[in-house]
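J.: Handing over start_15.pdb, PDB, C-alpha atoms.
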```
ATOM      1  CA  THR A   8     -85.254 134.737 183.421  1.00  0.00           C
ATOM      2  CA  HIS A   9     -86.223 137.025 186.283  1.00  0.00           C
ATOM      3  CA  ILE A  10     -85.231 134.341 188.776  1.00  0.00           C
ATOM      4  CA  ALA A  11     -81.865 133.776 187.087  1.00  0.00           C
ATOM      5  CA  LEU A  12     -81.114 137.503 186.902  1.00  0.00           C
ATOM      6  CA  THR A  13     -82.009 138.130 190.537  1.00  0.00           C
ATOM      7  CA  TYR A  14     -79.826 135.275 191.735  1.00  0.00           C
ATOM      8  CA  LEU A  15     -76.973 136.526 189.525  1.00  0.00           C
ATOM      9  CA  ALA A  16     -77.418 139.993 191.047  1.00  0.00           C
ATOM     10  CA  TRP A  17     -77.301 138.400 194.501  1.00  0.00           C
ATOM     11  CA  LEU A  18     -74.155 136.506 193.551  1.00  0.00           C
ATOM     12  CA  PHE A  19     -72.380 139.610 192.203  1.00  0.00           C
ATOM     13  CA  THR A  20     -73.494 142.109 194.841  1.00  0.00           C
ATOM     14  CA  GLY A  21     -73.722 139.885 197.906  1.00  0.00           C
ATOM     15  CA  ASP A  22     -77.080 141.511 198.777  1.00  0.00           C
ATOM     16  CA  PRO A  23     -79.540 138.733 199.781  1.00  0.00           C
ATOM     17  CA  SER A  24     -82.604 140.918 199.116  1.00  0.00           C
ATOM     18  CA  TRP A  25     -82.323 140.590 195.320  1.00  0.00           C
ATOM     19  CA  PRO A  26     -84.271 137.312 194.990  1.00  0.00           C
ATOM     20  CA  HIS A  27     -87.168 138.817 196.932  1.00  0.00           C
ATOM     21  CA  LEU A  28     -87.704 141.763 194.579  1.00  0.00           C
ATOM     22  CA  GLN A  29     -90.714 141.675 192.320  1.00  0.00           C
ATOM     23  CA  SER A  30     -90.598 141.898 188.545  1.00  0.00           C
ATOM     24  CA  SER A  31     -92.310 144.868 186.921  1.00  0.00           C
ATOM     25  CA  GLY A  32     -93.144 142.749 183.907  1.00  0.00           C
ATOM     26  CA  ILE A  33     -94.173 144.036 180.510  1.00  0.00           C
ATOM     27  CA  TRP A  34     -96.231 146.920 181.886  1.00  0.00           C
ATOM     28  CA  THR A  35     -93.231 149.239 182.126  1.00  0.00           C
ATOM     29  CA  ILE A  36     -93.136 148.959 178.331  1.00  0.00           C
ATOM     30  CA  MET A  37     -96.899 148.941 177.738  1.00  0.00           C
ATOM     31  CA  PHE A  38     -97.742 151.996 179.868  1.00  0.00           C
ATOM     32  CA  PRO A  39     -95.662 154.482 177.840  1.00  0.00           C
ATOM     33  CA  LEU A  40     -96.940 153.036 174.565  1.00  0.00           C
ATOM     34  CA  ILE A  41    -100.524 153.428 175.756  1.00  0.00           C
ATOM     35  CA  ALA A  42     -99.793 156.970 176.972  1.00  0.00           C
ATOM     36  CA  ILE A  43     -98.216 157.932 173.624  1.00  0.00           C
ATOM     37  CA  GLU A  44    -101.207 156.569 171.738  1.00  0.00           C
ATOM     38  CA  CYS A  45    -103.658 158.364 174.025  1.00  0.00           C
ATOM     39  CA  ALA A  46    -101.727 161.645 173.853  1.00  0.00           C
ATOM     40  CA  LYS A  47    -102.002 161.567 170.058  1.00  0.00           C
ATOM     41  CA  ALA A  48    -105.695 160.582 170.038  1.00  0.00           C
ATOM     42  CA  PRO A  49    -108.268 163.083 168.774  1.00  0.00           C
ATOM     43  CA  PRO A  50    -109.781 165.333 171.465  1.00  0.00           C
ATOM     44  CA  GLY A  51    -113.038 164.029 172.860  1.00  0.00           C
ATOM     45  CA  SER A  52    -112.338 160.373 172.099  1.00  0.00           C
ATOM     46  CA  VAL A  53    -113.094 157.763 174.740  1.00  0.00           C
ATOM     47  CA  ARG A  54    -111.966 154.272 175.732  1.00  0.00           C
ATOM     48  CA  LYS A  55    -113.839 151.494 177.492  1.00  0.00           C
ATOM     49  CA  LEU A  56    -112.423 150.106 180.709  1.00  0.00           C
ATOM     50  CA  PHE A  57    -114.643 147.243 181.752  1.00  0.00           C
ATOM     51  CA  MET A  58    -118.084 148.871 181.968  1.00  0.00           C
ATOM     52  CA  TRP A  59    -116.903 152.481 182.263  1.00  0.00           C
ATOM     53  CA  THR A  60    -116.179 154.971 179.531  1.00  0.00           C
ATOM     54  CA  VAL A  61    -112.976 156.923 180.145  1.00  0.00           C
ATOM     55  CA  PRO A  62    -111.757 159.961 178.182  1.00  0.00           C
ATOM     56  CA  THR A  63    -108.769 158.808 176.135  1.00  0.00           C
ATOM     57  CA  LEU A  64    -106.547 161.513 177.582  1.00  0.00           C
ATOM     58  CA  TYR A  65    -106.950 160.064 181.093  1.00  0.00           C
ATOM     59  CA  TYR A  66    -107.013 156.359 180.154  1.00  0.00           C
ATOM     60  CA  PRO A  67    -103.348 155.628 181.092  1.00  0.00           C
ATOM     61  CA  LEU A  68    -103.814 157.368 184.441  1.00  0.00           C
ATOM     62  CA  VAL A  69    -106.978 155.402 185.192  1.00  0.00           C
ATOM     63  CA  LEU A  70    -105.197 152.183 184.210  1.00  0.00           C
ATOM     64  CA  LEU A  71    -102.260 153.130 186.443  1.00  0.00           C
ATOM     65  CA  GLY A  72    -104.702 153.857 189.276  1.00  0.00           C
ATOM     66  CA  LEU A  73    -106.306 150.439 188.841  1.00  0.00           C
ATOM     67  CA  PHE A  74    -102.916 148.702 188.903  1.00  0.00           C
ATOM     68  CA  SER A  75    -101.894 150.733 191.960  1.00  0.00           C
ATOM     69  CA  LEU A  76    -105.138 149.816 193.694  1.00  0.00           C
ATOM     70  CA  LEU A  77    -104.559 146.119 193.087  1.00  0.00           C
ATOM     71  CA  GLY A  78    -100.798 145.897 193.618  1.00  0.00           C
ATOM     72  CA  GLY A  79     -99.657 149.057 195.314  1.00  0.00           C
ATOM     73  CA  ILE A  80     -98.007 152.086 193.818  1.00  0.00           C
ATOM     74  CA  GLN A  81     -94.988 151.171 191.704  1.00  0.00           C
ATOM     75  CA  MET A  82     -92.655 153.987 190.771  1.00  0.00           C
ATOM     76  CA  ALA A  83     -91.591 152.237 187.541  1.00  0.00           C
ATOM     77  CA  ASN A  84     -95.165 152.244 186.241  1.00  0.00           C
ATOM     78  CA  ALA A  85     -95.759 155.868 187.234  1.00  0.00           C
ATOM     79  CA  LEU A  86     -92.524 156.969 185.558  1.00  0.00           C
ATOM     80  CA  SER A  87     -93.315 154.996 182.413  1.00  0.00           C
ATOM     81  CA  VAL A  88     -96.700 156.733 182.090  1.00  0.00           C
ATOM     82  CA  ALA A  89     -94.981 160.101 182.586  1.00  0.00           C
ATOM     83  CA  VAL A  90     -92.394 159.285 179.908  1.00  0.00           C
ATOM     84  CA  GLY A  91     -95.174 158.184 177.554  1.00  0.00           C
ATOM     85  CA  TYR A  92     -97.071 161.447 177.992  1.00  0.00           C
ATOM     86  CA  ALA A  93     -93.856 163.476 177.620  1.00  0.00           C
ATOM     87  CA  TYR A  94     -92.993 161.676 174.394  1.00  0.00           C
ATOM     88  CA  GLY A  95     -96.556 161.871 173.076  1.00  0.00           C
ATOM     89  CA  TYR A  96     -96.715 165.637 173.588  1.00  0.00           C
ATOM     90  CA  GLY A  97     -93.261 166.217 172.075  1.00  0.00           C
ATOM     91  CA  TYR A  98     -91.345 167.189 175.205  1.00  0.00           C
ATOM     92  CA  LEU A  99     -88.706 164.554 174.441  1.00  0.00           C
ATOM     93  CA  ASP A 100     -88.226 165.513 170.778  1.00  0.00           C
ATOM     94  CA  LYS A 101     -84.926 167.196 171.561  1.00  0.00           C
ATOM     95  CA  LEU A 102     -83.558 163.787 172.624  1.00  0.00           C
ATOM     96  CA  LYS A 103     -84.360 162.169 169.269  1.00  0.00           C
ATOM     97  CA  VAL A 104     -81.470 161.587 166.901  1.00  0.00           C
ATOM     98  CA  SER A 105     -81.814 163.641 163.701  1.00  0.00           C
ATOM     99  CA  ASP A 106     -81.668 161.955 160.289  1.00  0.00           C
ATOM    100  CA  THR A 107     -78.416 163.736 159.447  1.00  0.00           C
ATOM    101  CA  ARG A 108     -76.815 162.643 162.725  1.00  0.00           C
ATOM    102  CA  ALA A 109     -77.979 159.037 162.176  1.00  0.00           C
ATOM    103  CA  LYS A 110     -76.544 159.066 158.653  1.00  0.00           C
ATOM    104  CA  GLN A 111     -73.293 160.522 159.983  1.00  0.00           C
ATOM    105  CA  TRP A 112     -73.054 157.774 162.633  1.00  0.00           C
ATOM    106  CA  GLU A 113     -73.817 155.074 160.050  1.00  0.00           C
ATOM    107  CA  GLU A 114     -70.985 156.344 157.866  1.00  0.00           C
ATOM    108  CA  THR A 115     -68.459 156.588 160.708  1.00  0.00           C
ATOM    109  CA  ILE A 116     -68.799 154.762 164.021  1.00  0.00           C
ATOM    110  CA  LEU A 117     -71.481 152.302 162.844  1.00  0.00           C
ATOM    111  CA  ALA A 118     -69.942 151.654 159.397  1.00  0.00           C
ATOM    112  CA  ASN A 119     -69.058 148.069 160.312  1.00  0.00           C
ATOM    113  CA  PHE A 120     -72.684 147.306 161.163  1.00  0.00           C
ATOM    114  CA  ALA A 121     -74.273 149.397 158.404  1.00  0.00           C
ATOM    115  CA  GLN A 122     -72.599 147.289 155.714  1.00  0.00           C
ATOM    116  CA  ARG A 123     -73.927 144.021 157.089  1.00  0.00           C
ATOM    117  CA  ASP A 124     -76.818 142.082 155.671  1.00  0.00           C
ATOM    118  CA  GLY A 125     -80.040 142.935 157.494  1.00  0.00           C
ATOM    119  CA  TRP A 126     -79.063 146.438 158.656  1.00  0.00           C
ATOM    120  CA  VAL A 127     -81.835 148.963 158.105  1.00  0.00           C
ATOM    121  CA  VAL A 128     -80.446 152.442 157.461  1.00  0.00           C
ATOM    122  CA  GLY A 129     -81.880 155.265 159.561  1.00  0.00           C
ATOM    123  CA  HIS A 130     -83.818 157.046 156.808  1.00  0.00           C
ATOM    124  CA  ALA A 131     -85.497 153.787 155.797  1.00  0.00           C
ATOM    125  CA  ALA A 132     -86.636 152.963 159.331  1.00  0.00           C
ATOM    126  CA  THR A 133     -88.624 156.137 159.986  1.00  0.00           C
ATOM    127  CA  GLY A 134     -91.706 157.735 158.521  1.00  0.00           C
ATOM    128  CA  SER A 135     -93.332 156.358 155.403  1.00  0.00           C
ATOM    129  CA  GLU A 136     -90.011 154.868 154.236  1.00  0.00           C
ATOM    130  CA  ALA A 137     -90.404 152.147 156.858  1.00  0.00           C
ATOM    131  CA  TRP A 138     -93.252 150.627 154.855  1.00  0.00           C
ATOM    132  CA  ASN A 139     -91.692 150.709 151.392  1.00  0.00           C
ATOM    133  CA  ASN A 140     -90.818 147.516 149.601  1.00  0.00           C
ATOM    134  CA  VAL A 141     -87.203 146.508 150.247  1.00  0.00           C
ATOM    135  CA  ALA A 142     -86.646 145.292 146.674  1.00  0.00           C
ATOM    136  CA  ALA A 143     -88.012 148.553 145.246  1.00  0.00           C
ATOM    137  CA  LEU A 144     -85.352 150.488 147.152  1.00  0.00           C
ATOM    138  CA  GLY A 145     -82.630 148.571 145.369  1.00  0.00           C
ATOM    139  CA  GLY A 146     -81.423 146.788 148.478  1.00  0.00           C
ATOM    140  CA  ALA A 147     -80.468 150.123 150.053  1.00  0.00           C
ATOM    141  CA  VAL A 148     -81.870 149.044 153.366  1.00  0.00           C
ATOM    142  CA  GLY A 149     -79.779 145.923 153.673  1.00  0.00           C
ATOM    143  CA  GLY A 150     -81.011 142.405 154.015  1.00  0.00           C
ATOM    144  CA  SER A 151     -81.807 139.881 151.344  1.00  0.00           C
ATOM    145  CA  GLY A 152     -84.873 141.581 149.935  1.00  0.00           C
ATOM    146  CA  PHE A 153     -87.266 139.181 151.664  1.00  0.00           C
ATOM    147  CA  ASN A 154     -90.497 141.038 152.388  1.00  0.00           C
ATOM    148  CA  LEU A 155     -93.493 139.594 154.197  1.00  0.00           C
ATOM    149  CA  PHE A 156     -95.821 142.175 152.672  1.00  0.00           C
ATOM    150  CA  SER A 157     -94.935 141.741 149.003  1.00  0.00           C
ATOM    151  CA  ARG A 158     -97.501 140.186 146.695  1.00  0.00           C
ATOM    152  CA  PRO A 159     -96.717 137.255 144.444  1.00  0.00           C
ATOM    153  CA  SER A 160     -96.229 138.416 140.878  1.00  0.00           C
ATOM    154  CA  GLN A 161     -96.762 135.753 138.205  1.00  0.00           C
ATOM    155  CA  GLN A 162     -95.961 132.799 140.392  1.00  0.00           C
ATOM    156  CA  SER A 163     -98.461 130.882 142.399  1.00  0.00           C
ATOM    157  CA  ALA A 164     -98.335 131.484 146.126  1.00  0.00           C
ATOM    158  CA  ALA A 165     -97.280 127.858 146.729  1.00  0.00           C
ATOM    159  CA  THR A 166     -94.332 128.134 144.312  1.00  0.00           C
ATOM    160  CA  GLN A 167     -93.159 131.398 145.820  1.00  0.00           C
ATOM    161  CA  GLY A 168     -93.497 130.000 149.339  1.00  0.00           C
ATOM    162  CA  ALA A 169     -91.415 126.954 148.403  1.00  0.00           C
ATOM    163  CA  GLU A 170     -88.716 129.177 146.872  1.00  0.00           C
ATOM    164  CA  GLU A 171     -88.614 131.414 149.959  1.00  0.00           C
ATOM    165  CA  ARG A 172     -88.348 128.408 152.286  1.00  0.00           C
ATOM    166  CA  ALA A 173     -85.560 126.953 150.162  1.00  0.00           C
ATOM    167  CA  SER A 174     -83.640 130.219 150.122  1.00  0.00           C
ATOM    168  CA  LEU A 175     -84.052 130.633 153.879  1.00  0.00           C
ATOM    169  CA  LEU A 176     -82.731 127.128 154.430  1.00  0.00           C
ATOM    170  CA  GLY A 177     -79.673 127.916 152.324  1.00  0.00           C
ATOM    171  CA  GLY A 178     -80.650 126.007 149.223  1.00  0.00           C
ATOM    172  CA  GLY A 179     -81.157 127.330 145.749  1.00  0.00           C
ATOM    173  CA  GLY A 180     -84.504 128.072 144.225  1.00  0.00           C
ATOM    174  CA  ALA A 181     -87.215 125.428 144.326  1.00  0.00           C
ATOM    175  CA  THR A 182     -88.074 123.745 141.089  1.00  0.00           C
ATOM    176  CA  THR A 183     -91.593 122.778 140.250  1.00  0.00           C
ATOM    177  CA  SER A 184     -92.957 120.772 137.422  1.00  0.00           C
ATOM    178  CA  GLY A 185     -95.740 122.481 135.933  1.00  0.00           C
TER     179      GLY A 185
END
```
Show me this structure written as structure tokens.
T.:
Amino acid sequence: THIALTYLAWLFTGDPSWPHLQSSGIWTIMFPLIAIECAKAPPGSVRKLFMWTVPTLYYPLVLLGLFSLLGGIQMANALSVAVGYAYGYGYLDKLKVSDTRAKQWEETILANFAQRDGWVVGHAATGSEAWNNVAALGGAVGGSGFNLFSRPSQQSAATQGAEERASLLGGGGATTSG
């Protein structure tokens, strides 16, 4: 996809340098996630990097240094580590959408989407609500009630699996002779 996007950018902009640009890859996503995790780690914890032990607080910076040593300094990676630390220490909390604002948006400008099957309402996607059973919430979170983490009740696992496959394929419930 990187090749297709760069050639499309070349086509639209007329700038022949687009196909020669490198892709940053998944690390622009991984670096902030690692930095957030390390910022929230207990003080004094450590991580292993090959044979060295690195304090968890400095682990993303050491990893960034290693990547910079091997491939040169990339501004995207440095900025992603900075954003990860800023988020992990709460400096970006003022940019987060509040629950009341999310609910307000879902009732007004996102009403068309919020009524659709599969939409997860804002309060159900954050905090401990994100791990509650969909069926136990009375379908308030949208979707069909299918939950990967639910346990089979009185049915055997094979029967329940057959019923779920049938419902996903658009058929009715599976019948078993028993």
J.: Which residues would end up in the selection if the PyMOL selection byres ((chain A and resi 59-70) around 7) were applied here, given that I need the answer as a ChimeraX atom specification?
T.: /A:38,41-42,45-46,51-58,71-74,88
J.: Using atom CA of A:Ala83 and atom CA of A:Pro50 as the two end points, give the distance in Å to one decimal.
T.: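 Result for atom CA of A:Ala83 versus atom CA of A:Pro50: 27.6 Å, one decimal.
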J.: Tell me which protein, DNA and RNA residues are within 10 Å of stretch 22-24 of chain A, counting only C-alpha atoms, leaving out same-chain ones fewer than 6 positions away, and put them as a list in words.
T.: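 So, after excluding close chain neighbours, the residues are Thr13, Tyr14 and Ala16 of chain A.
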J.: Which distance in Å separates atom CA of A:Tyr98 and atom CA of A:Asn84, to one decimal?
T.: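 Result for atom CA of A:Tyr98 versus atom CA of A:Asn84: 19.0 Å, one decimal.
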J.: Centre and edge lengths of an axis-aligned box around all listed atoms of stretch 33-43 of chain A, with 3 Å added on each side, are to be given in Å to one decimal, as AutoDock Vina command-line options.
T.:
```
--center_x -96.8 --center_y 151.0 --center_z 177.9 --size_x 13.4 --size_y 19.9 --size_z 14.5
```
J.: The PyMOL selection byres ((chain A and resi 104-108) around 12) - which residues does that actually catch in the file I just gave you? List them as a ChimeraX atom specification.
T.: /A:99-103,109-117,128-134
J.: The selected residues should be written to file as a CSV table (one decimal), keeping the file's coordinate frame (atoms: C-alpha atoms).
T.:
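Wrote selection_13.csv, looks like this:
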```csv
chain,number,residue,atom,x,y,z
A,99,LEU,CA,-88.7,164.6,174.4
A,100,ASP,CA,-88.2,165.5,170.8
A,101,LYS,CA,-84.9,167.2,171.6
A,102,LEU,CA,-83.6,163.8,172.6
A,103,LYS,CA,-84.4,162.2,169.3
A,109,ALA,CA,-78.0,159.0,162.2
A,110,LYS,CA,-76.5,159.1,158.7
A,111,GLN,CA,-73.3,160.5,160.0
A,112,TRP,CA,-73.1,157.8,162.6
A,113,GLU,CA,-73.8,155.1,160.0
A,114,GLU,CA,-71.0,156.3,157.9
A,115,THR,CA,-68.5,156.6,160.7
A,116,ILE,CA,-68.8,154.8,164.0
A,117,LEU,CA,-71.5,152.3,162.8
A,128,VAL,CA,-80.4,152.4,157.5
A,129,GLY,CA,-81.9,155.3,159.6
A,130,HIS,CA,-83.8,157.0,156.8
A,131,ALA,CA,-85.5,153.8,155.8
A,132,ALA,CA,-86.6,153.0,159.3
A,133,THR,CA,-88.6,156.1,160.0
A,134,GLY,CA,-91.7,157.7,158.5
```
J.: Report the distance between atom CA of A:Phe19 and atom CA of A:Gly32 in Å, rounded to one decimal place.
T.: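 Spanning atom CA of A:Phe19 to atom CA of A:Gly32 is a straight-line distance of 22.6 Å.
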